[in-house]
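Q: Data file coords_21.txt (compact mmCIF, C-alpha atoms) is appended below.
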```txt
# COMPACT_ATOMS: atom_id res chain seq x y z
CA MET A 9 27.41 9.45 22.07
CA ASN A 10 26.11 6.20 23.48
CA ALA A 11 24.26 3.57 21.51
CA THR A 12 20.80 4.48 22.79
CA GLN A 13 21.02 8.06 21.48
CA THR A 14 22.58 7.29 18.11
CA ILE A 15 20.24 6.68 15.21
CA PRO A 16 21.02 3.08 14.15
CA VAL A 17 20.44 3.65 10.44
CA ALA A 18 20.62 7.21 9.14
CA ILE A 19 20.37 8.11 5.46
CA THR A 20 20.96 11.81 4.83
CA ASP A 21 20.27 13.59 1.53
CA PHE A 22 21.45 10.53 -0.36
CA THR A 23 21.70 10.72 -4.15
CA LYS A 24 23.04 8.03 -6.50
CA ARG A 25 23.63 8.68 -10.18
CA TYR A 26 24.64 6.12 -12.80
CA GLY A 27 25.84 8.29 -15.70
CA ALA A 28 23.00 10.62 -16.55
CA GLN A 29 20.47 8.41 -14.76
CA GLU A 30 19.54 9.42 -11.23
CA ALA A 31 18.64 6.19 -9.40
CA VAL A 32 17.93 7.83 -6.03
CA SER A 33 17.37 11.53 -5.40
CA ASN A 34 17.90 13.29 -2.07
CA LEU A 35 16.66 10.47 0.14
CA THR A 36 16.63 11.18 3.87
CA LEU A 37 15.50 8.41 6.20
CA ASP A 38 16.23 7.80 9.89
CA ILE A 39 15.31 4.39 11.30
CA GLU A 40 14.69 4.44 15.04
CA ARG A 41 16.06 1.76 17.35
CA GLY A 42 13.76 -1.25 17.63
CA SER A 43 11.80 -0.22 14.57
CA ILE A 44 11.09 -2.38 11.53
CA CYS A 45 11.00 -0.25 8.40
CA GLY A 46 9.51 -1.71 5.24
CA LEU A 47 10.92 -0.20 2.06
CA LEU A 48 8.45 -0.51 -0.81
CA GLY A 49 8.56 0.57 -4.42
CA PRO A 50 8.09 -0.78 -7.93
CA ASN A 51 11.06 -2.28 -9.76
CA GLY A 52 13.56 0.44 -10.62
CA SER A 53 12.39 2.76 -7.86
CA GLY A 54 15.80 2.83 -6.15
CA LYS A 55 15.35 0.30 -3.33
CA THR A 56 18.22 -1.96 -4.29
CA THR A 57 20.51 1.01 -5.03
CA THR A 58 19.77 2.26 -1.50
CA PHE A 59 20.53 -1.16 0.01
CA LYS A 60 23.77 -1.45 -2.01
CA CYS A 61 25.02 1.88 -0.72
CA LEU A 62 23.93 1.08 2.85
CA LEU A 63 25.99 -2.11 2.69
CA GLY A 64 29.03 -0.56 1.00
CA PHE A 65 28.63 -2.38 -2.34
CA ALA A 66 28.36 1.03 -4.03
CA ARG A 67 29.18 4.63 -3.09
CA PRO A 68 26.66 7.45 -2.85
CA THR A 69 27.14 10.16 -5.48
CA SER A 70 26.33 12.63 -2.73
CA GLY A 71 24.87 12.58 0.75
CA SER A 72 25.72 10.11 3.47
CA MET A 73 24.83 6.79 5.04
CA ALA A 74 25.63 6.10 8.69
CA ILE A 75 25.27 2.91 10.72
CA GLU A 76 25.28 3.60 14.47
CA GLY A 77 26.40 7.12 13.69
CA ALA A 78 29.47 6.18 11.67
CA PRO A 79 30.39 5.22 8.12
CA LEU A 80 30.59 1.50 7.39
CA THR A 81 33.79 -0.36 8.30
CA PRO A 82 34.52 -4.13 8.26
CA ALA A 83 33.96 -4.11 12.05
CA THR A 84 30.36 -2.91 11.48
CA PHE A 85 29.46 -6.39 10.25
CA GLU A 86 30.04 -7.79 13.74
CA TYR A 87 26.58 -6.41 14.55
CA LEU A 88 25.03 -5.81 11.13
CA GLY A 89 23.34 -8.74 9.39
CA TYR A 90 22.35 -8.43 5.76
CA VAL A 91 20.77 -10.13 2.79
CA PRO A 92 21.64 -8.38 -0.48
CA GLU A 93 19.36 -8.59 -3.50
CA ARG A 94 22.02 -10.30 -5.57
CA SER A 95 23.78 -13.00 -3.63
CA ALA A 96 27.08 -12.28 -1.96
CA LEU A 97 27.64 -16.04 -1.59
CA TYR A 98 30.36 -17.93 -3.44
CA GLU A 99 28.95 -20.42 -5.95
CA TRP A 100 31.88 -22.83 -5.52
CA MET A 101 31.67 -22.99 -1.73
CA THR A 102 29.30 -25.21 0.23
CA GLY A 103 26.93 -23.96 2.91
CA ALA A 104 29.16 -25.52 5.57
CA GLN A 105 32.18 -23.64 4.19
CA HIS A 106 30.23 -20.36 4.33
CA LEU A 107 29.34 -20.99 7.98
CA GLU A 108 32.98 -21.80 8.74
CA PHE A 109 34.09 -18.66 6.91
CA ASN A 110 31.72 -16.55 9.03
CA ARG A 111 32.81 -18.34 12.22
CA ARG A 112 36.40 -17.33 11.53
CA THR A 113 35.49 -13.79 10.46
CA PHE A 114 33.07 -12.68 13.17
CA LYS A 115 33.57 -12.83 16.93
CA SER A 116 29.80 -12.47 17.28
CA TYR A 117 29.12 -15.66 15.26
CA ASP A 118 27.00 -18.04 17.34
CA PRO A 119 27.37 -21.66 16.14
CA LYS A 120 24.36 -22.84 18.17
CA ARG A 121 22.14 -20.16 16.64
CA ALA A 122 23.45 -21.03 13.17
CA ALA A 123 22.66 -24.71 13.73
CA GLU A 124 19.09 -23.85 14.86
CA LEU A 125 18.55 -21.74 11.73
CA VAL A 126 20.00 -24.39 9.40
CA ASP A 127 17.55 -26.81 10.99
CA LEU A 128 14.63 -24.38 10.74
CA PHE A 129 15.16 -23.74 7.00
CA LYS A 130 16.36 -27.29 6.23
CA VAL A 131 19.47 -26.04 4.42
CA ASP A 132 21.63 -28.75 2.88
CA LEU A 133 25.08 -27.63 4.04
CA LYS A 134 26.93 -30.18 1.93
CA LYS A 135 25.76 -28.70 -1.38
CA ARG A 136 27.75 -26.08 -3.24
CA VAL A 137 25.89 -22.76 -3.41
CA GLY A 138 25.80 -23.03 -7.20
CA LYS A 139 23.69 -26.19 -6.88
CA LEU A 140 21.15 -24.75 -4.43
CA SER A 141 17.60 -23.86 -5.47
CA LYS A 142 16.60 -20.19 -5.35
CA GLY A 143 14.77 -20.75 -2.08
CA GLN A 144 17.63 -22.67 -0.43
CA HIS A 145 20.02 -19.98 -1.60
CA THR A 146 17.91 -17.30 0.11
CA ALA A 147 17.62 -19.51 3.20
CA LEU A 148 21.41 -19.85 3.48
CA ALA A 149 21.76 -16.05 3.21
CA ILE A 150 19.18 -15.70 6.02
CA VAL A 151 21.05 -18.20 8.19
CA LEU A 152 24.29 -16.24 7.72
CA ALA A 153 22.55 -12.90 8.36
CA PHE A 154 20.99 -13.97 11.67
CA SER A 155 23.75 -16.22 13.02
CA THR A 156 25.63 -13.30 14.60
CA ARG A 157 22.46 -12.19 16.46
CA PRO A 158 22.90 -8.75 14.84
CA ARG A 159 21.36 -5.60 16.30
CA ILE A 160 20.93 -4.10 12.84
CA LEU A 161 19.47 -5.99 9.91
CA ILE A 162 19.43 -4.74 6.33
CA LEU A 163 17.48 -7.17 4.19
CA ASP A 164 16.76 -6.72 0.48
CA GLU A 165 13.94 -9.12 -0.44
CA PRO A 166 14.81 -11.56 2.37
CA ALA A 167 11.93 -13.92 1.55
CA SER A 168 12.29 -14.11 -2.22
CA GLY A 169 11.98 -17.62 -3.61
CA LEU A 170 10.84 -19.07 -0.28
CA ASP A 171 7.60 -21.01 0.14
CA PRO A 172 4.87 -19.48 2.35
CA MET A 173 5.95 -21.42 5.48
CA PHE A 174 9.56 -20.25 5.19
CA GLN A 175 8.43 -16.73 4.32
CA ARG A 176 6.53 -16.70 7.61
CA ALA A 177 9.62 -18.03 9.39
CA VAL A 178 11.63 -15.08 8.03
CA LEU A 179 8.97 -12.64 9.27
CA ASP A 180 9.08 -14.32 12.68
CA LEU A 181 12.88 -13.92 12.80
CA ILE A 182 12.55 -10.22 11.93
CA ILE A 183 9.84 -9.69 14.56
CA GLU A 184 11.77 -11.60 17.21
CA ALA A 185 14.90 -9.55 16.48
CA ALA A 186 12.98 -6.27 16.80
CA ALA A 187 11.30 -7.45 20.02
CA ASN A 188 14.83 -7.95 21.38
CA GLY A 189 15.74 -4.38 20.38
CA ALA A 190 17.19 -4.84 16.88
CA THR A 191 16.59 -2.31 14.12
CA VAL A 192 15.47 -3.67 10.75
CA VAL A 193 15.17 -2.29 7.23
CA PHE A 194 13.71 -4.70 4.71
CA SER A 195 12.13 -4.66 1.30
CA SER A 196 9.53 -6.95 -0.14
CA HIS A 197 7.23 -7.13 -3.11
CA GLN A 198 4.71 -8.82 -0.84
CA ILE A 199 3.02 -5.87 0.74
CA GLY A 200 1.21 -8.15 3.20
CA GLN A 201 4.57 -8.97 4.81
CA VAL A 202 5.33 -5.29 5.31
CA GLU A 203 1.78 -4.73 6.58
CA ARG A 204 2.36 -7.33 9.31
CA ALA A 205 5.95 -6.87 10.34
CA ALA A 206 6.72 -3.19 9.78
CA ASP A 207 5.76 -0.33 12.06
CA ARG A 208 7.19 2.14 9.56
CA VAL A 209 6.83 2.17 5.81
CA ALA A 210 8.72 4.17 3.20
CA ILE A 211 7.60 4.08 -0.43
CA LEU A 212 9.99 5.01 -3.23
CA LYS A 213 9.00 5.91 -6.77
CA ASN A 214 11.51 6.90 -9.46
CA GLY A 215 14.19 7.32 -6.79
CA LYS A 216 12.12 9.69 -4.67
CA LEU A 217 10.54 9.12 -1.27
CA ILE A 218 6.81 9.64 -1.84
CA VAL A 219 5.29 8.13 1.33
CA ASP A 220 6.87 7.85 4.78
CA GLY A 221 5.01 7.13 7.97
CA THR A 222 3.85 4.50 10.42
CA VAL A 223 1.60 1.83 8.94
CA ASP A 224 -1.09 2.63 11.52
CA SER A 225 -1.04 6.39 10.90
CA LEU A 226 -1.19 5.87 7.13
CA LYS A 227 -4.22 3.63 7.55
CA GLY A 228 -5.75 6.22 9.84
CA SER A 229 -5.39 9.05 7.34
CA GLU A 230 -5.49 7.54 3.85
CA LYS A 231 -9.12 6.91 2.87
CA ILE A 232 -11.45 6.86 -0.09
CA VAL A 233 -14.44 9.17 0.07
CA GLU A 234 -17.06 7.63 -2.18
CA ALA A 235 -20.14 9.51 -3.31
CA ILE A 236 -23.04 8.16 -5.35
CA PHE A 237 -25.14 10.61 -7.32
CA ASP A 238 -28.72 10.28 -8.60
CA GLN A 239 -27.92 12.02 -11.83
CA MET A 240 -24.77 13.07 -13.60
CA ILE A 241 -21.88 14.00 -11.32
CA PRO A 242 -22.06 17.80 -11.00
CA ASP A 243 -19.24 20.24 -11.62
CA LEU A 244 -16.55 19.47 -9.07
CA ASN A 245 -15.89 23.07 -8.01
CA GLY A 246 -12.13 22.89 -7.74
CA LEU A 247 -12.18 19.59 -5.82
CA ALA A 248 -9.32 18.41 -8.05
CA VAL A 249 -6.93 20.98 -6.57
CA ASP A 250 -7.93 20.29 -2.96
CA PRO A 251 -4.60 19.43 -1.25
CA ARG A 252 -6.31 16.76 0.85
CA ILE A 253 -7.21 14.81 -2.28
CA SER A 254 -4.50 12.92 -4.18
CA ARG A 255 -6.72 11.82 -7.04
CA ILE A 256 -10.30 11.61 -8.17
CA VAL A 257 -11.83 8.76 -10.14
CA ARG A 258 -15.27 8.97 -11.74
CA SER A 259 -17.11 5.96 -12.92
CA GLY A 260 -20.69 6.48 -14.06
CA ARG A 261 -22.51 8.10 -11.20
CA ILE A 262 -19.88 7.11 -8.64
CA LEU A 263 -17.20 9.55 -7.56
CA ARG A 264 -14.19 8.35 -5.58
CA ALA A 265 -11.75 10.77 -4.00
CA TYR A 266 -8.47 9.32 -2.71
CA VAL A 267 -7.80 11.35 0.40
CA ASN A 268 -4.47 11.67 2.24
CA HIS A 269 -5.85 13.35 5.37
CA ASP A 270 -9.04 14.80 6.88
CA SER A 271 -11.43 12.38 5.18
CA GLU A 272 -14.30 13.70 7.32
CA GLY A 273 -13.70 17.23 6.04
CA VAL A 274 -13.55 16.03 2.43
CA ALA A 275 -16.75 14.02 2.95
CA ARG A 276 -18.52 17.16 4.22
CA ARG A 277 -17.29 19.13 1.23
CA ILE A 278 -18.43 16.47 -1.26
CA ASN A 279 -21.74 16.30 0.56
CA GLU A 280 -22.33 19.92 -0.49
CA LEU A 281 -22.61 18.62 -4.08
CA ALA A 282 -25.81 16.88 -2.90
CA PRO A 283 -24.99 13.24 -3.69
CA LYS A 284 -27.39 10.44 -2.82
CA ASN A 285 -24.94 9.33 -0.18
CA VAL A 286 -21.31 9.65 0.87
CA SER A 287 -19.19 7.06 2.60
CA ILE A 288 -15.62 6.85 3.84
CA LEU A 289 -13.81 3.61 2.94
CA ASP A 290 -10.74 2.18 4.70
CA LEU A 291 -7.66 1.22 2.68
CA SER A 292 -5.22 -1.65 3.05
CA LEU A 293 -1.49 -0.92 2.74
CA GLU A 294 -1.65 -2.44 -0.74
CA ASP A 295 -4.35 0.07 -1.74
CA ILE A 296 -2.25 2.89 -0.29
CA PHE A 297 0.80 1.61 -2.19
CA ILE A 298 -1.00 1.27 -5.52
CA ASN A 299 -2.56 4.68 -5.06
CA ALA A 300 0.82 6.25 -4.30
CA VAL A 301 2.83 4.69 -7.12
CA GLY A 302 0.04 4.19 -9.65
CA ASP A 303 0.25 6.05 -12.91
CA VAL A 304 -2.46 8.64 -12.35
CA ALA A 305 -3.22 9.11 -16.04
CA ALA A 306 -3.48 5.37 -16.70
CA ALA A 307 -5.35 4.56 -13.50
CA SER A 308 -8.05 7.16 -13.92
CA PRO A 309 -8.95 7.76 -17.55
CA ASN A 310 -11.88 9.88 -16.40
CA GLY A 311 -9.79 11.68 -13.80
CA ASP A 312 -10.10 15.42 -13.37
CA ARG A 313 -6.44 16.19 -13.75
CA MET B 17 -2.76 -18.23 26.27
CA SER B 18 -1.51 -18.40 22.72
CA ALA B 19 -3.86 -17.71 19.81
CA ILE B 20 -6.79 -16.32 21.77
CA PHE B 21 -6.41 -13.14 19.74
CA THR B 22 -6.76 -12.78 16.00
CA VAL B 23 -6.10 -9.77 13.82
CA ASP B 24 -6.52 -9.00 10.13
CA PRO B 25 -3.46 -7.11 8.87
CA ARG B 26 -5.14 -6.40 5.51
CA SER B 27 -8.00 -4.57 7.15
CA GLY B 28 -7.97 -0.78 6.93
CA VAL B 29 -8.38 -0.65 10.71
CA PRO B 30 -4.97 0.04 12.30
CA LEU B 31 -3.53 -3.11 13.90
CA TYR B 32 -3.03 -1.58 17.36
CA LEU B 33 -6.76 -0.74 17.45
CA GLN B 34 -7.57 -4.33 16.50
CA VAL B 35 -5.43 -5.61 19.39
CA ILE B 36 -7.13 -3.18 21.82
CA GLU B 37 -10.57 -4.29 20.65
CA GLN B 38 -9.62 -7.97 21.00
CA VAL B 39 -8.36 -7.55 24.56
CA LYS B 40 -11.48 -5.54 25.55
CA ARG B 41 -13.72 -8.16 23.98
CA HIS B 42 -12.06 -10.96 25.98
CA VAL B 43 -12.27 -8.92 29.20
CA ALA B 44 -15.94 -8.21 28.47
CA LEU B 45 -16.69 -11.88 27.81
CA GLY B 46 -14.71 -12.96 30.84
CA SER B 47 -12.37 -15.16 28.82
CA LEU B 48 -9.68 -12.90 30.29
CA ALA B 49 -10.39 -12.79 34.03
CA PRO B 50 -9.35 -10.00 36.41
CA GLY B 51 -5.76 -10.56 37.50
CA GLU B 52 -5.05 -12.90 34.59
CA GLN B 53 -1.71 -12.44 32.88
CA LEU B 54 -1.53 -11.28 29.27
CA PRO B 55 1.14 -12.55 26.87
CA THR B 56 4.31 -10.46 26.84
CA VAL B 57 4.68 -7.95 24.01
CA LYS B 58 7.24 -10.22 22.36
CA ALA B 59 5.13 -13.37 22.74
CA LEU B 60 2.00 -11.73 21.33
CA ALA B 61 3.91 -10.08 18.47
CA LEU B 62 5.34 -13.49 17.52
CA ASP B 63 2.03 -15.24 18.05
CA LEU B 64 0.18 -12.86 15.72
CA THR B 65 3.22 -12.21 13.45
CA ILE B 66 2.87 -8.46 13.87
CA ASN B 67 5.23 -5.65 14.82
CA PRO B 68 6.23 -5.57 18.53
CA ASN B 69 5.87 -1.78 18.70
CA THR B 70 2.26 -2.17 17.53
CA VAL B 71 1.53 -4.54 20.42
CA ALA B 72 3.40 -2.27 22.86
CA ARG B 73 1.28 0.70 21.74
CA ALA B 74 -1.94 -1.27 22.23
CA TYR B 75 -0.84 -2.31 25.74
CA ARG B 76 0.05 1.30 26.60
CA ASP B 77 -3.42 2.49 25.55
CA LEU B 78 -5.11 -0.37 27.44
CA GLU B 79 -3.11 0.54 30.52
CA ARG B 80 -4.09 4.22 30.19
CA ASP B 81 -7.75 3.13 29.96
CA GLY B 82 -7.38 1.03 33.11
CA VAL B 83 -8.17 -2.24 31.33
CA ILE B 84 -4.77 -3.76 32.10
CA GLU B 85 -1.98 -3.11 34.57
CA THR B 86 1.71 -3.55 33.88
CA SER B 87 4.24 -4.12 36.57
CA PRO B 88 7.87 -3.86 35.52
CA GLY B 89 9.56 -7.23 35.36
CA ARG B 90 6.36 -9.17 36.01
CA GLY B 91 4.30 -8.44 32.92
CA SER B 92 0.80 -7.21 32.08
CA PHE B 93 -2.37 -8.31 33.85
CA VAL B 94 -6.09 -7.69 33.47
CA SER B 95 -6.95 -4.99 36.02
CA SER B 96 -8.43 -6.32 39.21
CA ASN B 97 -9.05 -2.88 40.73
CA GLY B 98 -12.71 -2.06 40.10
CA SER B 99 -12.67 -4.95 37.72
CA SER B 100 -16.44 -5.26 37.31
CA ALA B 101 -16.61 -1.57 36.35
CA ASN B 102 -13.81 -2.18 33.86
CA ALA B 103 -15.51 -5.21 32.42
CA HIS B 104 -18.71 -3.20 32.00
CA ARG B 105 -16.89 -0.38 30.34
CA ALA B 106 -15.17 -2.87 28.06
CA ILE B 107 -18.55 -4.35 27.15
CA ASP B 108 -19.90 -0.86 26.40
CA ASP B 109 -16.86 -0.03 24.24
CA VAL B 110 -17.17 -3.19 22.18
CA ALA B 111 -20.95 -2.81 21.82
CA ASP B 112 -20.50 0.83 20.78
CA SER B 113 -17.98 -0.06 18.16
CA ILE B 114 -20.11 -2.90 16.70
CA LEU B 115 -23.26 -0.76 16.52
CA ASN B 116 -21.30 2.20 15.21
CA ASN B 117 -20.04 0.13 12.26
CA ALA B 118 -23.45 -1.38 11.60
CA ILE B 119 -25.25 1.96 11.63
CA ARG B 120 -22.60 3.60 9.49
CA GLU B 121 -22.97 0.87 6.87
CA VAL B 122 -26.75 1.05 6.91
CA LYS B 123 -26.57 4.82 6.55
CA ASN B 124 -24.26 4.34 3.57
CA LEU B 125 -27.02 2.34 1.90
CA GLY B 126 -28.95 5.61 1.86
CA LEU B 127 -31.45 4.93 4.67
CA ASP B 128 -32.60 7.93 6.66
CA ARG B 129 -32.94 8.09 10.44
CA ALA B 130 -36.59 6.95 10.48
CA GLN B 131 -35.82 3.98 8.21
CA VAL B 132 -32.82 2.95 10.32
CA THR B 133 -34.95 3.21 13.48
CA ALA B 134 -37.65 1.01 11.93
CA THR B 135 -35.08 -1.58 10.85
CA PHE B 136 -33.42 -1.48 14.26
CA GLU B 137 -36.73 -2.01 16.09
CA ARG B 138 -37.58 -4.94 13.82
CA GLN B 139 -34.25 -6.55 14.75
CA LEU B 140 -34.75 -5.72 18.43
CA ASP B 141 -38.14 -7.47 18.32
CA ARG B 142 -36.49 -10.50 16.82
CA TRP B 143 -33.69 -10.80 19.39
CA PHE B 144 -35.56 -9.43 22.41
CA PRO B 145 -39.17 -10.64 21.89
CA ILE B 146 -41.76 -8.69 23.83
CA GLY B 147 -42.73 -10.47 27.05
CA GLU B 148 -39.31 -12.06 27.30
CA GLN B 149 -37.52 -9.30 29.18
CA LYS B 150 -33.80 -9.66 29.42
```
What would the structure in this file look like if it were written as structure tokens?

A:
Amino acid sequence: MNATQTIPVAITDFTKRYGAQEAVSNLTLDIERGSICGLLGPNGSGKTTTFKCLLGFARPTSGSMAIEGAPLTPATFEYLGYVPERSALYEWMTGAQHLEFNRRTFKSYDPKRAAELVDLFKVDLKKRVGKLSKGQHTALAIVLAFSTRPRILILDEPASGLDPMFQRAVLDLIIEAAANGATVVFSSHQIGQVERAADRVAILKNGKLIVDGTVDSLKGSEKIVEAIFDQMIPDLNGLAVDPRISRIVRSGRILRAYVNHDSEGVARRINELAPKNVSILDLSLEDIFINAVGDVAAASPNGDR
Amino acid sequence: MSAIFTVDPRSGVPLYLQVIEQVKRHVALGSLAPGEQLPTVKALALDLTINPNTVARAYRDLERDGVIETSPGRGSFVSSNGSSANAHRAIDDVADSILNNAIREVKNLGLDRAQVTATFERQLDRWFPIGEQK
């Protein structure tokens, strides 16, 4: 198979167990060429476990991970750039020594590109990694990840510890790489970064994939239908089990239904309850995220289920 | 060319639709003239810090609607074929979308059709005073 037909990053029925604890359960995710996939999830949702197995730092309990259609080998890193959550850098080596190490290891290492990136992030190459600040540490990892001009990038929290200017620079690098045809998987706690850079978003909760789609299609389908009533909210007539509605929140005379598709249809149905008015509200990716991972019981004390 | 467009990633409106609306608005206003070159997908994605596929999708839809033309290797340009018709349609599209949002919001306040009409006429009188036809 040639490179254009192969799926660059394919995760198939991947499960990882640590003892009795299942960190990731039956995750299947194919990342298309040229796509930027944002992996979101609260702490402990399985993101880092997924990244570790993708990069060969841990083995799947079952299922498979394939990069360009094949299991990981040392040669894969000629075209795969990565930033792991916990540093893979050596504390006792300087930045310059890391660059030299990569120059000797990878044929694809581009010293000019590396120098540009060092300049961009103002990395002090003379310092030992152990003496670098959190932000400089991340910046050095970014420099190493991008200095081979990789066509696949796997980045776990690639902007953590960076100031807003450098965070934007990391996003620009990711976007530039994708515009040149690279495939990117990255995670971030800053949903706004995913909202900008990603065309695809996958949300994990308790090791399970609970949302997967393009950012634009999610925004097109996930809505709040809000109804305001003159009097008490009437009996909801089985609205709570409507498959189009993921949860219902009541607050005084206001009813809000979080809808995953067909908001117009839900609005018509709620309109039959004769509210004073009904409106359909747009959601940001952050709203969609909170709604998807939020603890339903805690988030809606007056909820109907 | 850089930075003539702006988008709001946090808005609930999909980003590709925001890009389409921005391009139409500039064509309607004439700040993008017929035959003028648009930024490349990569340049606009980097300029706005948004996903390149999102920009590419917006350009595809704009091309389908005849607002822009893309020639392989040369880039994307504002359509010059029937350009005044295109500019008028772009103006109509943008006006439609602005009024659509305004009326939807006013309706959400609970006004009925007669009340919205009355409000609308009051605003029309303000912006288009009688005797000053334009």

Q: Counting only C-alpha atoms, which residues from chain B have an atom at most 10 Å from any atom of chain A, and could you show them as a PyMOL selection string?

A: chain B and resi 23-33+57-59+61-70+72+120-121+123-127

Q: Rounded to one decimal place, report the atom CA of Gly46 of chain B-atom CA of Arg90 of chain B distance in Å.

A: 22.0 Å

Q: Could you work out how far atom CA of Thr86 of chain B lies from atom CA of Pro158 of chain A, giving the answer in Å with one decimal?

A: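 Distance between the two atoms: 29.0 Å.
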
Q: If I wrap all listed atoms of segment 216-226 of chain A in a box with edges along x, y and z and add 3 Å on each side, what are its centre and edge lengths in Å to one decimal, as lines of an AutoDock Vina configuration file?

A:
```
center_x = 5.5
center_y = 5.8
center_z = 3.4
size_x = 19.3
size_y = 13.9
size_z = 22.2
```

Q: Segment 141-143 of chain A: which residues within 10 Å, counting all atoms listed in the file, same-chain residues fewer than 3 positions away excluded, as a PDB file with C-alpha atoms, in the frame of the given file?

A:
```
ATOM      1  CA  PHE A 129      15.160 -23.740   7.000  1.00  0.00           C
ATOM      2  CA  VAL A 131      19.470 -26.040   4.420  1.00  0.00           C
ATOM      3  CA  VAL A 137      25.890 -22.760  -3.410  1.00  0.00           C
ATOM      4  CA  GLY A 138      25.800 -23.030  -7.200  1.00  0.00           C
ATOM      5  CA  THR A 146      17.910 -17.300   0.110  1.00  0.00           C
ATOM      6  CA  ALA A 147      17.620 -19.510   3.200  1.00  0.00           C
ATOM      7  CA  LEU A 148      21.410 -19.850   3.480  1.00  0.00           C
ATOM      8  CA  ALA A 149      21.760 -16.050   3.210  1.00  0.00           C
ATOM      9  CA  ALA A 167      11.930 -13.920   1.550  1.00  0.00           C
ATOM     10  CA  SER A 168      12.290 -14.110  -2.220  1.00  0.00           C
ATOM     11  CA  GLY A 169      11.980 -17.620  -3.610  1.00  0.00           C
ATOM     12  CA  LEU A 170      10.840 -19.070  -0.280  1.00  0.00           C
ATOM     13  CA  ASP A 171       7.600 -21.010   0.140  1.00  0.00           C
ATOM     14  CA  PHE A 174       9.560 -20.250   5.190  1.00  0.00           C
ATOM     15  CA  GLN A 175       8.430 -16.730   4.320  1.00  0.00           C
TER      16      GLN A 175
END
```

Q: How many Å separate atom CA of Leu115 of chain B from atom CA of Gly147 of chain B?

A: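 If I compute the distance from atom CA of Leu115 of chain B to atom CA of Gly147 of chain B, I get 24.2 Å.
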
Q: Skipping near chain neighbours, those fewer than 4 positions away, what residues fall within 12 Å of Ser155 of chain A using only C-alpha atoms, listed as an NGL selection string?

A: :A and (85-90 or 106-108 or 110-111 or 114-126 or 148-151 or 159 or 161 or 181 or 185)

Q: Give me the residues near Arg264 of chain A as a short mmCIF file (atom, residue, chain, number, x, y, z; two decimals) with C-alpha atoms, in the coordinates of the input, where near means some atom within 9 Å (using all atoms listed in the file) and where sequence neighbours in that chain fewer than 5 positions away do not count.

A:
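As a result, out16.cif now contains:
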```
data_model
loop_
_atom_site.label_atom_id
_atom_site.label_comp_id
_atom_site.auth_asym_id
_atom_site.auth_seq_id
_atom_site.Cartn_x
_atom_site.Cartn_y
_atom_site.Cartn_z
CA ILE A 232 -11.45 6.86 -0.09
CA VAL A 233 -14.44 9.17 0.07
CA GLU A 234 -17.06 7.63 -2.18
CA ALA A 235 -20.14 9.51 -3.31
CA ILE A 236 -23.04 8.16 -5.35
CA ARG A 255 -6.72 11.82 -7.04
CA ILE A 256 -10.30 11.61 -8.17
CA VAL A 257 -11.83 8.76 -10.14
CA ARG A 258 -15.27 8.97 -11.74
CA SER A 259 -17.11 5.96 -12.92
#
```
